[in-house]
Amino acid sequence: MSTRRQALERINCSQSTNAGLWLDKYIETQDRKDTECRRKLVDEVAGIAPPASYRHWFARWRNALQQYGAESLEAQIQGRLAIGLGSESVLEIAVSLHHTYGVPYIPGTALKGLAASFARQYLGDDWKEGSDSKAFQTMFGETDHTGHVVFFDAMPLPDNFGLAPDVISVHHKDYYENGDSPPADWDEPTPVPFLSVTGSFLLALAGPSDWVSAAFEILELALSELGVGAKTSSGYGRMQLTKPPVDPDQQKAGRLIVEIESIRAVDVAGSINKYYQLWRDSELSPVQKRRVAEAIVNKIKAAGREKSSRDKKWYQ
């Protein structure tokens, strides 16, 4: 018997479909014995391309991280990633998909938990969880206060990721379900379809520079040695960190912003117009030009000169 409402029965999966919505709402039947229906759903979701709008959202997300002061690295999956398998799902095994865009993502809590676990197990007494571990408390926090490092959700790079059909084979189904019959070599395996992830993700951390660098070093070791997500004992979740390509415009804008932010409040009136001229004549990309403009406006506000500058043509 179909689990879809009658109004939805004739809707077919297409390239414009939201992968998360289709996975959650459009399975044809909930009959646990109908493995073909589940396999079909997995194949359909794996074949859905990300929406074109995701590329624009990702660019805004990356820019927002820069504005916040976060540092980022790219992480390439070495094989497959299984993330969110234990969440609620119409399948027996789930996957973490972004609610709006239907793309896979790695929750920041998963990355923080992985880094904290690795630190406790492999970095010696200075990183043991407890009242005497100042390094652990500073980076990850404790009950009474948060850590100095913010772990953001890791989002996939628009041109380099995908969902792939995968399968887990349960070899002793009756034993696991009932416990009445002991497992035996002649038990028939039961394939369970699920979705795994391939490609690259943008990892971002924010906080004091030294602590962010240390957190990235821990994450690099943890992702390459342990892996993130589920099925890590089977090789899933291993990732290799790489530095994203250097953006010359971003570097130029960064140097200008540092100079602007270092202007003393008493010197703003006499020197800020010079930076306006540099901003006006620069050939920076629109994103980086906006960063410099915001730095100029913020400096004028911080110096208490917004009211006197508001009516000036260059400020407008």
# chains A, B, ... in the order shown; residues from 1 in each chain; ligands from 1
>>> residues_around(residues="Ala75 of chain A", least_positions_apart="5", cutoff="10 Å", atoms="only C-alpha atoms", output="number ranges by chain")
A: 154, 156-157, 199-203, 220, 223, 238-244
>>> residues_around(residues="Leu97 of chain A", least_positions_apart="5", cutoff="9 Å", atoms="only C-alpha atoms", output="short mmCIF file (atom, residue, chain, number, x, y, z; two decimals) with C-alpha atoms, in the first residue's frame")
data_model
loop_
_atom_site.label_atom_id
_atom_site.label_comp_id
_atom_site.auth_asym_id
_atom_site.auth_seq_id
_atom_site.Cartn_x
_atom_site.Cartn_y
_atom_site.Cartn_z
CA ALA A 19 16.99 15.68 -2.11
CA GLY A 20 16.13 15.89 1.58
CA GLY A 84 23.99 11.13 10.34
CA GLY A 102 19.25 19.16 0.31
CA VAL A 103 23.06 18.89 0.24
CA PRO A 104 25.05 16.76 2.71
CA TYR A 105 26.89 18.55 5.51
CA ILE A 106 28.98 17.71 8.57
#
>>> residues_around(residues="His171 of chain A", least_positions_apart="3", cutoff="8 Å", atoms="only C-alpha atoms", output="VMD selection string")
chain A and resid 187 to 190
>>> write_last_selection(atoms="N, CA, C and O atoms", output="PDB file, in the first residue's frame")
ATOM      1  N   ASP A 187      23.308 -18.373   7.447  1.00  0.00           N
ATOM      2  CA  ASP A 187      22.305 -17.318   7.485  1.00  0.00           C
ATOM      3  C   ASP A 187      22.374 -16.483   6.198  1.00  0.00           C
ATOM      4  O   ASP A 187      23.468 -16.159   5.716  1.00  0.00           O
ATOM      5  N   GLU A 188      21.212 -16.110   5.684  1.00  0.00           N
ATOM      6  CA  GLU A 188      21.169 -15.329   4.452  1.00  0.00           C
ATOM      7  C   GLU A 188      21.380 -13.849   4.763  1.00  0.00           C
ATOM      8  O   GLU A 188      20.670 -13.281   5.589  1.00  0.00           O
ATOM      9  N   PRO A 189      22.353 -13.199   4.110  1.00  0.00           N
ATOM     10  CA  PRO A 189      22.589 -11.771   4.382  1.00  0.00           C
ATOM     11  C   PRO A 189      21.431 -10.907   3.887  1.00  0.00           C
ATOM     12  O   PRO A 189      20.782 -11.221   2.895  1.00  0.00           O
ATOM     13  N   THR A 190      21.195  -9.816   4.604  1.00  0.00           N
ATOM     14  CA  THR A 190      20.138  -8.877   4.227  1.00  0.00           C
ATOM     15  C   THR A 190      20.773  -7.535   3.876  1.00  0.00           C
ATOM     16  O   THR A 190      21.297  -6.849   4.758  1.00  0.00           O
TER      17      THR A 190
END
>>> select_by_dssp(residues="segment 10-115 of chain A", states="helix (DSSP H, G or I)", output="mmCIF file with N, CA, C and O atoms, in the first residue's frame")
data_model
loop_
_atom_site.group_PDB
_atom_site.id
_atom_site.type_symbol
_atom_site.label_atom_id
_atom_site.label_comp_id
_atom_site.auth_asym_id
_atom_site.auth_seq_id
_atom_site.Cartn_x
_atom_site.Cartn_y
_atom_site.Cartn_z
ATOM 1 N N ALA A 19 16.614 17.049 -2.471
ATOM 2 C CA ALA A 19 16.992 15.681 -2.115
ATOM 3 C C ALA A 19 16.481 15.290 -0.728
ATOM 4 O O ALA A 19 15.992 14.178 -0.520
ATOM 5 N N GLY A 20 16.586 16.205 0.235
ATOM 6 C CA GLY A 20 16.129 15.892 1.582
ATOM 7 C C GLY A 20 14.630 15.706 1.651
ATOM 8 O O GLY A 20 14.136 14.805 2.335
ATOM 9 N N LEU A 21 13.876 16.556 0.926
ATOM 10 C CA LEU A 21 12.426 16.439 0.914
ATOM 11 C C LEU A 21 11.998 15.123 0.267
ATOM 12 O O LEU A 21 11.099 14.437 0.761
ATOM 13 N N TRP A 22 12.628 14.770 -0.855
ATOM 14 C CA TRP A 22 12.265 13.524 -1.533
ATOM 15 C C TRP A 22 12.579 12.315 -0.657
ATOM 16 O O TRP A 22 11.807 11.359 -0.585
ATOM 17 N N LEU A 23 13.694 12.357 0.036
ATOM 18 C CA LEU A 23 14.082 11.244 0.905
ATOM 19 C C LEU A 23 13.099 11.071 2.053
ATOM 20 O O LEU A 23 12.727 9.948 2.406
ATOM 21 N N ASP A 24 12.632 12.173 2.631
ATOM 22 C CA ASP A 24 11.779 12.100 3.813
ATOM 23 C C ASP A 24 10.314 11.823 3.498
ATOM 24 O O ASP A 24 9.618 11.180 4.295
ATOM 25 N N LYS A 25 9.821 12.293 2.340
ATOM 26 C CA LYS A 25 8.379 12.311 2.116
ATOM 27 C C LYS A 25 7.881 11.459 0.958
ATOM 28 O O LYS A 25 6.677 11.279 0.817
ATOM 29 N N THR A 35 12.502 -4.279 0.041
ATOM 30 C CA THR A 35 13.842 -3.706 -0.086
ATOM 31 C C THR A 35 14.032 -3.021 -1.434
ATOM 32 O O THR A 35 14.827 -2.084 -1.547
ATOM 33 N N GLU A 36 13.313 -3.461 -2.454
ATOM 34 C CA GLU A 36 13.440 -2.849 -3.767
ATOM 35 C C GLU A 36 12.972 -1.398 -3.747
ATOM 36 O O GLU A 36 13.564 -0.520 -4.385
ATOM 37 N N CYS A 37 11.897 -1.124 -2.999
ATOM 38 C CA CYS A 37 11.390 0.246 -2.878
ATOM 39 C C CYS A 37 12.422 1.146 -2.198
ATOM 40 O O CYS A 37 12.645 2.284 -2.618
ATOM 41 N N ARG A 38 13.091 0.636 -1.196
ATOM 42 C CA ARG A 38 14.102 1.423 -0.490
ATOM 43 C C ARG A 38 15.331 1.658 -1.372
ATOM 44 O O ARG A 38 15.910 2.735 -1.376
ATOM 45 N N ARG A 39 15.703 0.637 -2.107
ATOM 46 C CA ARG A 39 16.837 0.785 -3.013
ATOM 47 C C ARG A 39 16.525 1.818 -4.099
ATOM 48 O O ARG A 39 17.374 2.622 -4.479
ATOM 49 N N LYS A 40 15.292 1.798 -4.590
ATOM 50 C CA LYS A 40 14.881 2.760 -5.609
ATOM 51 C C LYS A 40 14.948 4.183 -5.059
ATOM 52 O O LYS A 40 15.418 5.108 -5.737
ATOM 53 N N LEU A 41 14.496 4.381 -3.821
ATOM 54 C CA LEU A 41 14.529 5.707 -3.210
ATOM 55 C C LEU A 41 15.967 6.203 -3.075
ATOM 56 O O LEU A 41 16.261 7.369 -3.376
ATOM 57 N N VAL A 42 16.866 5.326 -2.643
ATOM 58 C CA VAL A 42 18.274 5.695 -2.501
ATOM 59 C C VAL A 42 18.861 6.101 -3.851
ATOM 60 O O VAL A 42 19.563 7.107 -3.971
ATOM 61 N N ASP A 43 18.564 5.330 -4.891
ATOM 62 C CA ASP A 43 19.077 5.650 -6.232
ATOM 63 C C ASP A 43 18.524 6.984 -6.728
ATOM 64 O O ASP A 43 19.245 7.762 -7.367
ATOM 65 N N GLU A 44 17.249 7.241 -6.458
ATOM 66 C CA GLU A 44 16.650 8.503 -6.896
ATOM 67 C C GLU A 44 17.316 9.696 -6.229
ATOM 68 O O GLU A 44 17.661 10.688 -6.888
ATOM 69 N N VAL A 45 17.500 9.610 -4.913
ATOM 70 C CA VAL A 45 18.100 10.726 -4.175
ATOM 71 C C VAL A 45 19.550 10.943 -4.613
ATOM 72 O O VAL A 45 20.009 12.079 -4.759
ATOM 73 N N ALA A 46 20.271 9.848 -4.841
ATOM 74 C CA ALA A 46 21.667 9.962 -5.274
ATOM 75 C C ALA A 46 21.785 10.638 -6.638
ATOM 76 O O ALA A 46 22.804 11.266 -6.941
ATOM 77 N N SER A 53 20.937 27.476 -6.975
ATOM 78 C CA SER A 53 21.036 28.534 -5.959
ATOM 79 C C SER A 53 22.042 28.192 -4.873
ATOM 80 O O SER A 53 22.504 29.080 -4.138
ATOM 81 N N TYR A 54 22.404 26.898 -4.745
ATOM 82 C CA TYR A 54 23.360 26.522 -3.689
ATOM 83 C C TYR A 54 24.719 27.182 -3.920
ATOM 84 O O TYR A 54 25.385 27.580 -2.969
ATOM 85 N N ARG A 55 25.125 27.295 -5.191
ATOM 86 C CA ARG A 55 26.412 27.918 -5.490
ATOM 87 C C ARG A 55 26.445 29.353 -4.958
ATOM 88 O O ARG A 55 27.439 29.786 -4.372
ATOM 89 N N HIS A 56 25.354 30.097 -5.158
ATOM 90 C CA HIS A 56 25.302 31.482 -4.683
ATOM 91 C C HIS A 56 25.258 31.535 -3.159
ATOM 92 O O HIS A 56 25.891 32.393 -2.546
ATOM 93 N N TRP A 57 24.510 30.610 -2.557
ATOM 94 C CA TRP A 57 24.459 30.565 -1.094
ATOM 95 C C TRP A 57 25.835 30.259 -0.521
ATOM 96 O O TRP A 57 26.255 30.865 0.475
ATOM 97 N N PHE A 58 26.547 29.317 -1.149
ATOM 98 C CA PHE A 58 27.863 28.923 -0.643
ATOM 99 C C PHE A 58 28.828 30.107 -0.699
ATOM 100 O O PHE A 58 29.631 30.307 0.225
ATOM 101 N N ALA A 59 28.754 30.898 -1.780
ATOM 102 C CA ALA A 59 29.612 32.084 -1.890
ATOM 103 C C ALA A 59 29.307 33.073 -0.769
ATOM 104 O O ALA A 59 30.221 33.667 -0.164
ATOM 105 N N ARG A 60 28.018 33.257 -0.463
ATOM 106 C CA ARG A 60 27.643 34.158 0.640
ATOM 107 C C ARG A 60 28.100 33.590 1.983
ATOM 108 O O ARG A 60 28.546 34.338 2.868
ATOM 109 N N TRP A 61 27.981 32.283 2.130
ATOM 110 C CA TRP A 61 28.402 31.620 3.374
ATOM 111 C C TRP A 61 29.907 31.793 3.584
ATOM 112 O O TRP A 61 30.360 32.145 4.673
ATOM 113 N N ARG A 62 30.672 31.588 2.515
ATOM 114 C CA ARG A 62 32.132 31.724 2.617
ATOM 115 C C ARG A 62 32.503 33.164 2.969
ATOM 116 O O ARG A 62 33.401 33.418 3.779
ATOM 117 N N ASN A 63 31.810 34.118 2.352
ATOM 118 C CA ASN A 63 32.075 35.527 2.634
ATOM 119 C C ASN A 63 31.692 35.870 4.070
ATOM 120 O O ASN A 63 32.404 36.627 4.745
ATOM 121 N N ALA A 64 30.588 35.311 4.547
ATOM 122 C CA ALA A 64 30.165 35.572 5.931
ATOM 123 C C ALA A 64 31.195 35.040 6.925
ATOM 124 O O ALA A 64 31.458 35.671 7.951
ATOM 125 N N LEU A 65 31.787 33.895 6.616
ATOM 126 C CA LEU A 65 32.831 33.344 7.488
ATOM 127 C C LEU A 65 34.040 34.277 7.529
ATOM 128 O O LEU A 65 34.628 34.496 8.587
ATOM 129 N N GLN A 66 34.413 34.813 6.364
ATOM 130 C CA GLN A 66 35.522 35.756 6.313
ATOM 131 C C GLN A 66 35.216 37.007 7.128
ATOM 132 O O GLN A 66 36.067 37.504 7.873
ATOM 133 N N GLN A 67 33.988 37.513 6.987
ATOM 134 C CA GLN A 67 33.591 38.704 7.730
ATOM 135 C C GLN A 67 33.628 38.446 9.238
ATOM 136 O O GLN A 67 33.971 39.339 10.024
ATOM 137 N N TYR A 68 33.295 37.239 9.622
ATOM 138 C CA TYR A 68 33.282 36.875 11.040
ATOM 139 C C TYR A 68 34.697 36.711 11.586
ATOM 140 O O TYR A 68 34.913 36.757 12.798
ATOM 141 N N GLY A 108 28.923 20.955 12.915
ATOM 142 C CA GLY A 108 30.069 21.426 13.683
ATOM 143 C C GLY A 108 30.243 20.648 14.980
ATOM 144 O O GLY A 108 31.376 20.450 15.445
ATOM 145 N N THR A 109 29.129 20.184 15.560
ATOM 146 C CA THR A 109 29.228 19.396 16.799
ATOM 147 C C THR A 109 29.969 18.088 16.565
ATOM 148 O O THR A 109 30.678 17.594 17.455
ATOM 149 N N ALA A 110 29.814 17.491 15.366
ATOM 150 C CA ALA A 110 30.521 16.252 15.051
ATOM 151 C C ALA A 110 32.025 16.491 14.956
ATOM 152 O O ALA A 110 32.838 15.694 15.439
ATOM 153 N N LEU A 111 32.406 17.618 14.325
ATOM 154 C CA LEU A 111 33.823 17.941 14.205
ATOM 155 C C LEU A 111 34.433 18.267 15.572
ATOM 156 O O LEU A 111 35.551 17.840 15.883
ATOM 157 N N LYS A 112 33.693 19.009 16.389
ATOM 158 C CA LYS A 112 34.193 19.348 17.719
ATOM 159 C C LYS A 112 34.325 18.091 18.574
ATOM 160 O O LYS A 112 35.318 17.918 19.289
ATOM 161 N N GLY A 113 33.337 17.213 18.487
ATOM 162 C CA GLY A 113 33.403 15.968 19.255
ATOM 163 C C GLY A 113 34.566 15.094 18.831
ATOM 164 O O GLY A 113 35.239 14.479 19.664
ATOM 165 N N LEU A 114 34.821 15.033 17.519
ATOM 166 C CA LEU A 114 35.952 14.244 17.021
ATOM 167 C C LEU A 114 37.269 14.808 17.528
ATOM 168 O O LEU A 114 38.142 14.060 18.007
ATOM 169 N N ALA A 115 37.433 16.140 17.421
ATOM 170 C CA ALA A 115 38.679 16.767 17.879
ATOM 171 C C ALA A 115 38.875 16.575 19.377
ATOM 172 O O ALA A 115 39.985 16.281 19.843
#
>>> select_by_dssp(residues="segment 37-274 of chain A", states="strand (DSSP E)", output="VMD selection string")
chain A and resid 71 to 77 150 to 151 155 to 170 190 to 206 239 to 242
>>> residues_around(residues="Ile260 of chain A", least_positions_apart="5", cutoff="9 Å", atoms="only C-alpha atoms", output="VMD selection string")
chain A and resid 255 272 275 292 295 to 296 299
>>> residues_around(residues="Leu284 of chain A", least_positions_apart="6", cutoff="9 Å", atoms="only C-alpha atoms", output="JSON, numbers by chain")
{"A": [249, 250, 252, 253]}
